[in-house]
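Coordinates as given in run.tsv (TSV, C-alpha atoms):
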chain	number	residue	atom	x	y	z
A	1	MET	CA	8.20	18.08	6.04
A	2	SER	CA	9.97	21.30	6.77
A	3	ASN	CA	12.41	21.45	9.66
A	4	ASP	CA	10.59	24.52	10.98
A	5	PHE	CA	7.32	22.66	11.21
A	6	TYR	CA	9.05	19.76	12.94
A	7	LYS	CA	10.69	22.06	15.46
A	8	THR	CA	7.69	24.23	16.25
A	9	SER	CA	4.70	21.95	15.85
A	10	ILE	CA	5.98	18.48	16.59
A	11	ILE	CA	8.96	18.61	18.94
A	12	PRO	CA	7.04	20.47	21.71
A	13	TYR	CA	4.40	17.72	21.53
A	14	SER	CA	6.76	14.83	20.90
A	15	GLY	CA	6.20	13.69	24.49
A	16	ILE	CA	2.63	12.64	23.91
A	17	ILE	CA	3.51	11.10	20.57
A	18	ILE	CA	6.32	9.07	22.13
A	19	LYS	CA	4.16	7.92	25.02
A	20	LEU	CA	1.39	6.82	22.71
A	21	CYS	CA	3.64	5.12	20.16
A	22	ARG	CA	5.35	3.22	22.97
A	23	ALA	CA	2.00	1.89	24.11
A	24	TYR	CA	1.25	0.41	20.71
A	25	THR	CA	4.66	-1.04	19.88
A	26	ASN	CA	6.91	-3.69	21.30
A	27	SER	CA	10.25	-2.89	19.74
A	28	GLN	CA	12.43	0.14	19.15
A	29	GLU	CA	12.19	-0.41	15.40
A	30	ASP	CA	8.39	-0.43	15.43
A	31	PHE	CA	8.34	2.54	17.76
A	32	GLU	CA	10.48	4.59	15.39
A	33	ASP	CA	8.30	3.59	12.44
A	34	TYR	CA	5.13	4.60	14.29
A	35	PHE	CA	6.67	7.83	15.53
A	36	GLN	CA	7.79	8.80	12.06
A	37	GLU	CA	4.48	7.91	10.49
A	38	VAL	CA	2.66	9.99	13.11
A	39	CYS	CA	4.94	12.98	12.42
A	40	LEU	CA	4.35	12.63	8.71
A	41	GLN	CA	0.59	12.41	9.10
A	42	ILE	CA	0.50	15.42	11.44
A	43	TRP	CA	2.40	17.39	8.86
A	44	ARG	CA	0.18	16.19	6.03
A	45	SER	CA	-3.03	17.01	7.85
A	46	LYS	CA	-1.93	20.36	9.24
A	47	GLU	CA	-4.16	22.15	6.72
A	48	ASN	CA	-7.19	20.42	8.23
A	49	PHE	CA	-6.58	21.83	11.70
A	50	ARG	CA	-9.48	24.22	12.35
A	51	GLU	CA	-8.37	25.48	15.76
A	52	GLU	CA	-11.61	24.19	17.26
A	53	SER	CA	-9.46	22.25	19.69
A	54	GLU	CA	-5.98	22.57	21.17
A	55	TRP	CA	-3.12	21.67	18.84
A	56	SER	CA	-2.09	19.05	21.42
A	57	THR	CA	-5.54	17.43	21.19
A	58	TRP	CA	-5.25	17.44	17.42
A	59	VAL	CA	-1.80	15.85	17.66
A	60	TYR	CA	-3.15	13.25	20.06
A	61	ARG	CA	-6.06	12.42	17.80
A	62	ILE	CA	-3.84	11.94	14.77
A	63	SER	CA	-1.29	9.95	16.76
A	64	LEU	CA	-4.01	7.66	18.03
A	65	ASN	CA	-5.54	7.15	14.60
A	66	VAL	CA	-2.16	6.45	13.02
A	67	CYS	CA	-1.19	3.99	15.77
A	68	LEU	CA	-4.49	2.14	15.50
A	69	THR	CA	-4.24	2.01	11.71
A	70	LEU	CA	-0.67	0.74	11.77
A	71	LEU	CA	-1.56	-1.82	14.40
A	72	LYS	CA	-4.46	-3.03	12.30
A	73	LYS	CA	-2.21	-3.26	9.24
A	74	LYS	CA	0.39	-5.14	11.22
A	75	LYS	CA	-2.20	-7.61	12.50
A	76	LYS	CA	-3.51	-8.10	8.98
A	77	ASN	CA	-0.01	-8.75	7.64
A	78	ARG	CA	0.65	-11.16	10.45
A	79	GLN	CA	-2.49	-13.07	9.57
A	80	HIS	CA	-1.26	-13.26	6.00
A	81	PHE	CA	2.31	-14.26	6.57
A	82	VAL	CA	2.65	-15.73	10.04
A	83	SER	CA	0.43	-18.40	11.35
A	84	ASP	CA	2.54	-20.24	13.85
A	85	SER	CA	4.82	-17.72	15.49
A	86	ILE	CA	4.23	-15.79	18.69
A	87	THR	CA	2.18	-12.64	18.28
A	88	THR	CA	3.75	-9.27	18.99
A	89	GLU	CA	1.36	-8.73	21.86
A	90	GLU	CA	2.68	-11.86	23.51
A	91	THR	CA	6.29	-10.89	23.06
A	92	GLU	CA	8.04	-8.99	25.81
A	93	ASP	CA	9.31	-5.67	24.61
A	94	ASN	CA	12.96	-5.59	23.72
A	95	TYR	CA	13.37	-1.91	24.48
A	96	ALA	CA	12.88	-0.20	27.77
A	97	PHE	CA	13.02	2.96	29.84
A	98	SER	CA	15.48	3.28	32.68
A	99	ASP	CA	12.60	3.43	35.18
A	100	GLU	CA	11.63	-0.17	35.91
A	101	SER	CA	8.18	0.72	37.27
A	102	LEU	CA	7.42	2.62	34.10
A	103	ASN	CA	8.46	-0.41	32.05
A	104	LEU	CA	6.11	-2.61	34.06
A	105	LEU	CA	3.31	-0.11	33.65
A	106	TYR	CA	3.87	-0.01	29.90
A	107	ASP	CA	3.89	-3.80	29.74
A	108	ALA	CA	0.58	-3.78	31.56
A	109	ILE	CA	-0.87	-1.08	29.29
A	110	ARG	CA	0.13	-3.11	26.22
A	111	LYS	CA	-1.97	-5.97	27.56
A	112	LEU	CA	-5.11	-3.83	27.40
A	113	SER	CA	-7.37	-3.61	24.36
A	114	GLU	CA	-6.46	-0.96	21.79
A	115	ILE	CA	-9.22	1.38	22.90
A	116	ASP	CA	-8.52	0.91	26.60
A	117	ARG	CA	-4.88	1.75	25.93
A	118	ALA	CA	-5.92	5.01	24.30
A	119	ILE	CA	-8.27	5.93	27.15
A	120	ILE	CA	-5.79	5.24	29.92
A	121	MET	CA	-3.04	7.13	28.10
A	122	LEU	CA	-5.30	10.16	27.79
A	123	TYR	CA	-6.25	9.81	31.43
A	124	LEU	CA	-2.62	9.59	32.50
A	125	GLU	CA	-1.91	12.65	30.40
A	126	GLU	CA	-4.41	14.41	32.63
A	127	LYS	CA	-6.98	15.03	29.95
A	128	SER	CA	-10.45	15.65	31.38
A	129	TYR	CA	-13.13	13.00	30.89
A	130	GLN	CA	-14.85	15.40	28.53
A	131	GLU	CA	-11.71	15.82	26.42
A	132	ILE	CA	-11.18	12.06	26.35
A	133	ALA	CA	-14.81	11.60	25.37
A	134	ASP	CA	-14.41	14.15	22.56
A	135	ILE	CA	-11.34	12.41	21.24
A	136	MET	CA	-12.84	8.95	21.52
A	137	GLY	CA	-16.26	10.00	20.27
A	138	THR	CA	-18.28	8.96	23.32
A	139	ASN	CA	-19.68	10.64	26.44
A	140	SER	CA	-17.82	11.59	29.60
A	141	ASN	CA	-19.90	9.30	31.88
A	142	ASN	CA	-18.84	6.32	29.83
A	143	ILE	CA	-15.24	7.40	30.06
A	144	GLY	CA	-15.43	7.78	33.82
A	145	VAL	CA	-16.72	4.24	34.25
A	146	ARG	CA	-14.25	2.88	31.76
A	147	VAL	CA	-11.25	4.59	33.37
A	148	LYS	CA	-12.12	3.04	36.72
A	149	ARG	CA	-12.42	-0.38	35.14
A	150	ILE	CA	-9.14	0.01	33.27
A	151	LYS	CA	-7.31	1.15	36.39
A	152	THR	CA	-8.53	-1.92	38.26
A	153	LYS	CA	-7.44	-4.11	35.39
A	154	LEU	CA	-4.03	-2.45	35.29
A	155	LYS	CA	-3.60	-2.85	39.01
A	156	LYS	CA	-4.37	-6.55	38.76
A	157	ILE	CA	-1.85	-6.99	35.94
A	158	LEU	CA	0.78	-5.02	37.84
A	159	ASP	CA	0.14	-6.91	41.08
A	160	GLY	CA	0.51	-10.17	39.19
A	161	LYS	CA	3.80	-9.04	37.74
A	162	ILE	CA	5.20	-7.64	40.94
A	163	ASN	CA	4.15	-10.67	42.98
B	1	MET	CA	4.72	2.40	49.89
B	2	GLU	CA	2.76	1.27	46.88
B	3	ARG	CA	2.82	3.80	44.03
B	4	SER	CA	-0.27	4.63	42.06
B	5	ILE	CA	-0.20	4.27	38.29
B	6	GLU	CA	-0.51	8.06	38.04
B	7	ASN	CA	2.69	8.45	40.09
B	8	ILE	CA	4.56	5.77	38.17
B	9	TRP	CA	3.59	7.59	34.99
B	10	LYS	CA	4.56	11.05	36.16
B	11	GLU	CA	7.81	10.08	37.86
B	12	GLY	CA	8.84	7.68	35.13
B	13	PHE	CA	8.76	10.41	32.55
B	14	LEU	CA	10.77	12.81	34.66
B	15	LYS	CA	13.88	10.80	33.81
B	16	SER	CA	15.71	12.30	30.90
B	17	ASP	CA	15.87	9.24	28.64
B	18	ALA	CA	12.15	8.54	28.62
B	19	LEU	CA	11.05	11.08	26.08
B	20	VAL	CA	13.86	11.26	23.58
B	21	ALA	CA	12.37	11.68	20.14
B	22	PRO	CA	13.97	9.51	17.50
B	23	THR	CA	15.72	11.33	14.68
B	24	ILE	CA	13.66	11.54	11.58
B	25	ASN	CA	16.54	11.20	9.14
B	26	ASN	CA	15.37	7.74	8.25
B	27	LEU	CA	11.80	8.83	7.82
B	28	TYR	CA	11.70	8.12	4.13
B	29	THR	CA	14.21	5.32	3.79
B	30	LYS	CA	11.95	2.56	5.00
B	31	LYS	CA	8.93	4.02	3.25
B	32	SER	CA	10.83	4.17	-0.05
B	33	ILE	CA	12.02	0.60	0.23
B	34	HIS	CA	8.56	-0.50	1.31
B	35	ILE	CA	6.83	1.15	-1.65
B	36	ILE	CA	9.31	-0.20	-4.16
B	37	ASP	CA	9.22	-3.68	-2.65
B	38	LYS	CA	5.45	-3.57	-2.87
B	39	PHE	CA	5.67	-2.58	-6.53
B	40	LYS	CA	8.17	-5.39	-7.22
B	41	ARG	CA	5.86	-7.91	-5.60
B	42	MET	CA	2.89	-6.68	-7.61
B	43	PHE	CA	4.95	-6.62	-10.79
B	44	LYS	CA	6.11	-10.21	-10.31
B	45	ILE	CA	2.59	-11.39	-9.49
B	46	ASN	CA	1.34	-9.62	-12.60
B	47	LEU	CA	3.92	-11.38	-14.79
B	48	ILE	CA	3.05	-14.76	-13.26
B	49	ALA	CA	-0.64	-14.02	-13.88
B	50	ILE	CA	0.08	-13.19	-17.54
B	51	VAL	CA	2.05	-16.43	-18.00
B	52	ALA	CA	-0.70	-18.47	-16.34
B	53	PHE	CA	-3.43	-16.77	-18.35
B	54	SER	CA	-1.61	-17.23	-21.67
B	55	PHE	CA	-1.14	-20.95	-20.95
B	56	ILE	CA	-4.76	-21.41	-19.96
B	57	PHE	CA	-5.91	-19.47	-23.00
B	58	LEU	CA	-3.63	-21.54	-25.27
B	59	ILE	CA	-5.09	-24.80	-24.01
B	60	ALA	CA	-8.66	-23.46	-24.07
B	61	SER	CA	-8.23	-22.18	-27.63
B	62	PHE	CA	-7.66	-25.73	-28.88
B	63	PHE	CA	-10.84	-26.90	-27.21
B	64	VAL	CA	-12.85	-23.97	-28.51
B	65	GLY	CA	-11.47	-24.47	-32.01
B	66	ILE	CA	-9.51	-21.23	-32.34
B	67	PRO	CA	-5.92	-22.53	-31.94
B	68	ILE	CA	-4.50	-19.78	-34.16
B	69	THR	CA	-5.80	-17.18	-31.71
B	70	GLY	CA	-4.40	-19.15	-28.79
B	71	ILE	CA	-0.96	-19.56	-30.37
B	72	LEU	CA	-0.66	-15.91	-31.47
B	73	PHE	CA	-1.95	-14.76	-28.10
B	74	PHE	CA	0.51	-17.01	-26.31
B	75	MET	CA	3.43	-15.83	-28.44
B	76	THR	CA	2.58	-12.16	-27.97
B	77	LEU	CA	2.20	-12.48	-24.22
B	78	THR	CA	5.41	-14.52	-24.03
B	79	VAL	CA	7.30	-11.69	-25.71
B	80	LEU	CA	5.64	-9.25	-23.27
B	81	VAL	CA	6.72	-11.36	-20.29
B	82	ILE	CA	10.29	-11.75	-21.61
B	83	ILE	CA	10.61	-7.99	-22.12
B	84	ASN	CA	9.30	-7.23	-18.64
B	85	LYS	CA	11.35	-9.97	-17.02
B	86	SER	CA	14.49	-8.38	-18.41
B	87	LEU	CA	13.23	-4.96	-17.25
B	88	LEU	CA	12.74	-6.42	-13.78
B	89	LYS	CA	16.42	-7.38	-13.69
B	90	GLY	CA	17.22	-3.68	-14.05
B	91	LEU	CA	14.94	-2.92	-11.13
B	92	GLU	CA	16.68	-5.50	-8.94
B	93	LYS	CA	19.97	-3.78	-9.67
B	94	ILE	CA	18.92	-0.53	-7.97
B	95	ASP	CA	21.07	-0.22	-4.87
B	96	LYS	CA	19.04	-0.14	-1.65
B	97	GLY	CA	22.00	1.53	0.02
B	98	LEU	CA	21.34	4.75	-1.90
B	99	SER	CA	19.75	7.67	-0.10
B	100	SER	CA	15.93	7.51	-0.14
B	101	TYR	CA	15.75	10.31	-2.66
B	102	GLN	CA	18.31	8.72	-4.98
B	103	TYR	CA	16.63	5.36	-4.56
B	104	LEU	CA	13.24	6.77	-5.48
B	105	LYS	CA	14.74	8.72	-8.37
B	106	SER	CA	16.39	5.59	-9.75
B	107	PHE	CA	13.13	3.74	-9.38
B	108	ASN	CA	11.26	6.53	-11.08
B	109	GLN	CA	13.69	6.45	-13.98
B	110	TRP	CA	13.19	2.73	-14.22
B	111	ILE	CA	9.41	3.18	-14.23
B	112	GLU	CA	9.64	5.77	-16.99
B	113	LYS	CA	11.78	3.44	-19.10
B	114	GLN	CA	9.48	0.51	-18.39
B	115	VAL	CA	6.38	2.52	-19.30
B	116	ALA	CA	7.96	3.83	-22.51
B	117	ILE	CA	8.98	0.33	-23.67
B	118	ASN	CA	5.63	-1.19	-22.77
B	119	LYS	CA	3.73	1.64	-24.39
B	120	SER	CA	5.57	1.02	-27.66
B	121	PHE	CA	4.99	-2.69	-27.33
B	122	ALA	CA	1.29	-2.11	-26.60
B	123	SER	CA	0.94	-0.37	-29.98
B	124	PHE	CA	1.80	-3.71	-31.57
B	125	MET	CA	0.35	-6.02	-28.98
B	126	TYR	CA	-3.26	-4.86	-29.00
B	127	PRO	CA	-3.63	-4.94	-32.82
B	128	ILE	CA	-1.92	-8.37	-32.87
B	129	ILE	CA	-4.32	-9.68	-30.23
B	130	PHE	CA	-7.26	-8.28	-32.16
B	131	LEU	CA	-6.03	-9.74	-35.46
B	132	SER	CA	-5.34	-13.08	-33.80
B	133	MET	CA	-8.98	-13.13	-32.71
B	134	VAL	CA	-10.19	-12.27	-36.22
B	135	ILE	CA	-7.93	-14.88	-37.87
B	136	GLY	CA	-8.74	-17.47	-35.24
B	137	PHE	CA	-12.47	-17.13	-35.69
B	138	TRP	CA	-12.04	-16.86	-39.47
B	139	PHE	CA	-10.49	-20.32	-39.61
B	140	LYS	CA	-12.69	-21.81	-36.91
B	141	ASP	CA	-14.35	-24.92	-38.22
B	142	ALA	CA	-18.08	-24.45	-38.83
B	143	GLU	CA	-19.48	-27.76	-40.00
B	144	GLY	CA	-16.53	-28.57	-42.26
B	145	ILE	CA	-16.11	-25.04	-43.66
B	146	PRO	CA	-14.03	-22.24	-42.08
B	147	LEU	CA	-16.34	-19.83	-40.24
B	148	GLY	CA	-15.04	-16.87	-42.28
B	149	LYS	CA	-15.91	-18.48	-45.63
B	150	ARG	CA	-19.30	-19.52	-44.34
B	151	LEU	CA	-19.96	-15.99	-43.15
B	152	ILE	CA	-18.94	-14.49	-46.51
B	153	SER	CA	-21.17	-16.85	-48.47
B	154	GLU	CA	-24.07	-15.79	-46.24
B	155	VAL	CA	-23.20	-12.11	-46.77
B	156	ILE	CA	-22.94	-12.58	-50.55
B	157	LYS	CA	-26.36	-14.25	-50.56
B	158	GLY	CA	-27.83	-11.20	-48.83
B	159	PHE	CA	-25.76	-8.59	-50.71
B	160	PRO	CA	-24.81	-10.03	-54.13
B	161	ASP	CA	-23.34	-6.70	-55.30
B	162	ILE	CA	-20.90	-6.37	-52.39
B	163	TYR	CA	-17.35	-5.46	-53.46
B	164	LEU	CA	-14.84	-8.22	-52.71
B	165	ILE	CA	-11.05	-8.22	-52.56
B	166	TYR	CA	-9.55	-11.72	-52.69
B	167	GLY	CA	-12.98	-13.01	-51.83
B	168	ILE	CA	-13.35	-10.85	-48.72
B	169	PRO	CA	-15.87	-7.98	-48.53
B	170	LEU	CA	-14.06	-4.65	-48.73
B	171	ILE	CA	-16.18	-3.30	-45.88
B	172	ALA	CA	-14.95	-6.09	-43.58
B	173	ILE	CA	-11.32	-5.39	-44.54
B	174	ILE	CA	-11.82	-1.68	-43.85
B	175	ALA	CA	-13.44	-2.43	-40.48
B	176	VAL	CA	-10.61	-4.76	-39.42
B	177	VAL	CA	-7.90	-2.35	-40.60
B	178	LEU	CA	-9.66	0.56	-38.87
B	179	ILE	CA	-9.99	-1.25	-35.55
B	180	ALA	CA	-6.39	-2.53	-35.72
B	181	SER	CA	-5.16	1.00	-36.54
B	182	LEU	CA	-7.14	2.50	-33.65
B	183	LEU	CA	-5.69	-0.12	-31.32
B	184	ALA	CA	-2.20	0.70	-32.62
B	185	ILE	CA	-2.78	4.42	-32.11
B	186	PHE	CA	-4.38	4.10	-28.70
B	187	GLY	CA	-2.40	1.05	-27.55
B	188	GLY	CA	-0.12	3.23	-25.45
B	189	LYS	CA	-3.07	4.93	-23.80
B	190	ILE	CA	-4.80	1.62	-23.14
B	191	TYR	CA	-1.60	0.36	-21.55
B	192	GLN	CA	-1.34	3.49	-19.42
B	193	TRP	CA	-4.93	3.06	-18.27
B	194	ASP	CA	-4.30	-0.59	-17.45
B	195	LEU	CA	-1.13	0.35	-15.60
B	196	ASN	CA	-2.89	2.97	-13.50
B	197	LEU	CA	-5.63	0.51	-12.71
B	198	VAL	CA	-3.14	-1.98	-11.27
B	199	TYR	CA	-0.39	0.24	-9.89
B	200	GLY	CA	-2.16	3.60	-9.56
B	201	ARG	CA	-2.06	3.66	-5.75
B	202	VAL	CA	1.60	2.73	-5.62
B	203	PHE	CA	2.47	5.45	-8.13
B	204	LYS	CA	0.45	7.98	-6.18
B	205	LYS	CA	2.30	7.12	-2.98
B	206	LEU	CA	5.59	7.30	-4.82
B	207	LYS	CA	4.79	10.77	-6.13
B	208	GLU	CA	3.73	11.98	-2.68
B	209	LEU	CA	6.88	10.59	-1.14
B	210	MET	CA	9.11	12.22	-3.73
B	211	ALA	CA	7.32	15.53	-3.25
B	212	ASP	CA	7.80	15.22	0.52
B	213	ILE	CA	11.49	14.50	0.19
B	214	GLU	CA	11.96	17.32	-2.30
B	215	GLU	CA	10.27	19.70	0.13
B	216	LEU	CA	12.47	18.43	2.93
B	217	LYS	CA	15.58	18.95	0.79
B	218	ASN	CA	14.59	22.52	0.02
Do you think you could lay out the structure here as structure tokens?
Amino acid sequence: MSNDFYKTSIIPYSGIIIKLCRAYTNSQEDFEDYFQEVCLQIWRSKENFREESEWSTWVYRISLNVCLTLLKKKKKNRQHFVSDSITTEETEDNYAFSDESLNLLYDAIRKLSEIDRAIIMLYLEEKSYQEIADIMGTNSNNIGVRVKRIKTKLKKILDGKIN
Amino acid sequence: MERSIENIWKEGFLKSDALVAPTINNLYTKKSIHIIDKFKRMFKINLIAIVAFSFIFLIASFFVGIPITGILFFMTLTVLVIINKSLLKGLEKIDKGLSSYQYLKSFNQWIEKQVAINKSFASFMYPIIFLSMVIGFWFKDAEGIPLGKRLISEVIKGFPDIYLIYGIPLIAIIAVVLIASLLAIFGGKIYQWDLNLVYGRVFKKLKELMADIEELKN
């Protein structure tokens, strides 16, 4: 990957990559692995970008696909090698932001299903329902209903934690 | 006042530490080690599979009545395993502390050496395996007579004018020599094909990774 590409096409969008990778990982080590894999895949698939969407949407789509693939791989490996230890999902994260509320929110997001995590992240990134629907391959009505449901779920998790 | 998740999200990321991108200096280190570890695992499993198969084949050959095939097969595969076991020691010696590029280069050099040695060995191994089959079936007991002799007597009955050398039809000798020669000539290619079948994906990833690193270096 050239440094130029990293500086111009990844760094300006690193925010969304970081946010997404954080939602799918529980440790700094995993986060860095996911982040790096996402960067690599964005670079590798840059030729496929047709400018039919925003570059940021493209970046988001790749990031999401990479995170879901890595998560699936990780789960598969865990099934192979670990049968009696605690799952990553059950483990509290050992890395954190300085904002405690954000940490709690992330903990809550990590408790959602993989798809719900993606939807709520897109929603929090202020993507329109239509954009979310395009990325997730569904329709905007579905997304609207789902976002409401996820927000309620998140609120319940957060209330439980705070109380 | 209770904050909404939208506010927590927005305000949380305003703090400077929240969105610090990790350096990507280590991008290839873990990938390199991962790919090579994967290859090592596959290589070891492959060697164990060869040992297991040669043992099973040796035992089965006695039951089927072709012990010569079994013994020759076992000996050939044992030599193959010994060679590759010693090659594996060289692979274990590659220092993981090297830079990713150096690590991959060392691994690549090891692969090239391993392929070259195995290709040469394959030129002997495949003809030996073929000949062990021929000899094994030749001496297989067929109602008190070796199968080969029985077969020749049947051939002579059908073709009384057939040319024999030491009691064996010349045409059969030519066929065996031809097949063994072809196996010797193409043994390396057969090995390469077999290698790609088992390790093709790992090699492809390795090549991609090296190309990536080279591009990054330039």
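Atom CA of B:Phe203 lies 27.4 Å from atom CA of B:Leu182.
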Exercise. Could you tell me which of A:Asp134, A:Glu114, A:Asp159, A:Asp4 comes closest to A:Cys21 if we count only C-alpha atoms?
Key: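 When distances to A:Cys21 are compared using only C-alpha atoms, the smallest one comes from A:Glu114.
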Quiz item: Any idea what's packed within 12 Å of B:Trp193, counting only C-alpha atoms, ignoring anything in its chain fewer than 5 positions away? Could you give it as a PyMOL selection string?
Solution: chain B and resi 115+119+122+186-188+198-200
Practice problem: Find the residues in chain A near chain B: any atom within 9 Å counts, using all atoms listed in the file. Write them as a ChimeraX atom specification. | Solution: /A:1-3,11,14-19,31-33,35-37,39-40,96-103,105,123-125,151,154-155
Quiz item: In Å, how far is it from atom CA of A:Asn142 to atom CA of A:Glu51?
Solution: 26.0 Å
Practice problem: State, in Å with one decimal place, the distance from atom CA of B:Gly136 to atom CA of B:Ala172. | Solution: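 Between atom CA of B:Gly136 and atom CA of B:Ala172 the gap is 15.4 Å.
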Write out as a CSV table (one decimal) with C-alpha atoms, keeping the file's coordinate frame the residues lying within 8 Å of B:Val51, counting all atoms listed in the file and excluding same-chain residues fewer than 5 positions away.
chain,number,residue,atom,x,y,z
B,77,LEU,CA,2.2,-12.5,-24.2
B,78,THR,CA,5.4,-14.5,-24.0
B,81,VAL,CA,6.7,-11.4,-20.3
Practice problem: For B:Ile129, work out the shell of residues within 8 Å, counting all atoms listed in the file and skipping chain neighbours fewer than 2 positions away, then give it as a list in words. | Solution: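 Within the cut-off, the hits are Thr69, Leu72, Phe73, Thr76, Met125, Tyr126, Pro127, Leu131, Ser132 and Met133 of chain B.
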Could you produce a table of the residues of stretch 71-135 of chain B lying within 12 Å of stretch 35-47 of chain B, with the nearest pair of atoms per residue and their separation in Å rounded to one decimal, using only C-alpha atoms, ordered by chain and increasing residue number, as a Markdown table?
| residue | atom | partner | partner_atom | distance |
| --- | --- | --- | --- | --- |
| B:Leu77 | CA | B:Leu47 | CA | 9.6 |
| B:Thr78 | CA | B:Leu47 | CA | 9.9 |
| B:Val79 | CA | B:Leu47 | CA | 11.4 |
| B:Leu80 | CA | B:Leu47 | CA | 8.9 |
| B:Val81 | CA | B:Leu47 | CA | 6.2 |
| B:Ile82 | CA | B:Leu47 | CA | 9.3 |
| B:Ile83 | CA | B:Leu47 | CA | 10.5 |
| B:Asn84 | CA | B:Leu47 | CA | 7.8 |
| B:Lys85 | CA | B:Leu47 | CA | 7.9 |
| B:Ser86 | CA | B:Leu47 | CA | 11.6 |
| B:Leu87 | CA | B:Phe43 | CA | 10.6 |
| B:Leu88 | CA | B:Lys40 | CA | 8.1 |
| B:Lys89 | CA | B:Lys40 | CA | 10.7 |
| B:Gly90 | CA | B:Lys40 | CA | 11.5 |
| B:Leu91 | CA | B:Lys40 | CA | 8.2 |
| B:Glu92 | CA | B:Lys40 | CA | 8.7 |
| B:Ile94 | CA | B:Ile36 | CA | 10.3 |
| B:Asp95 | CA | B:Ile36 | CA | 11.8 |
| B:Lys96 | CA | B:Ile36 | CA | 10.0 |
| B:Ser100 | CA | B:Ile36 | CA | 10.9 |
| B:Tyr103 | CA | B:Ile36 | CA | 9.2 |
| B:Leu104 | CA | B:Ile36 | CA | 8.1 |
| B:Lys105 | CA | B:Ile36 | CA | 11.3 |
| B:Ser106 | CA | B:Ile36 | CA | 10.7 |
| B:Phe107 | CA | B:Ile36 | CA | 7.6 |
| B:Asn108 | CA | B:Ile36 | CA | 9.8 |
| B:Trp110 | CA | B:Ile36 | CA | 11.2 |
| B:Ile111 | CA | B:Phe39 | CA | 10.3 |
| B:Gln114 | CA | B:Phe43 | CA | 11.4 |
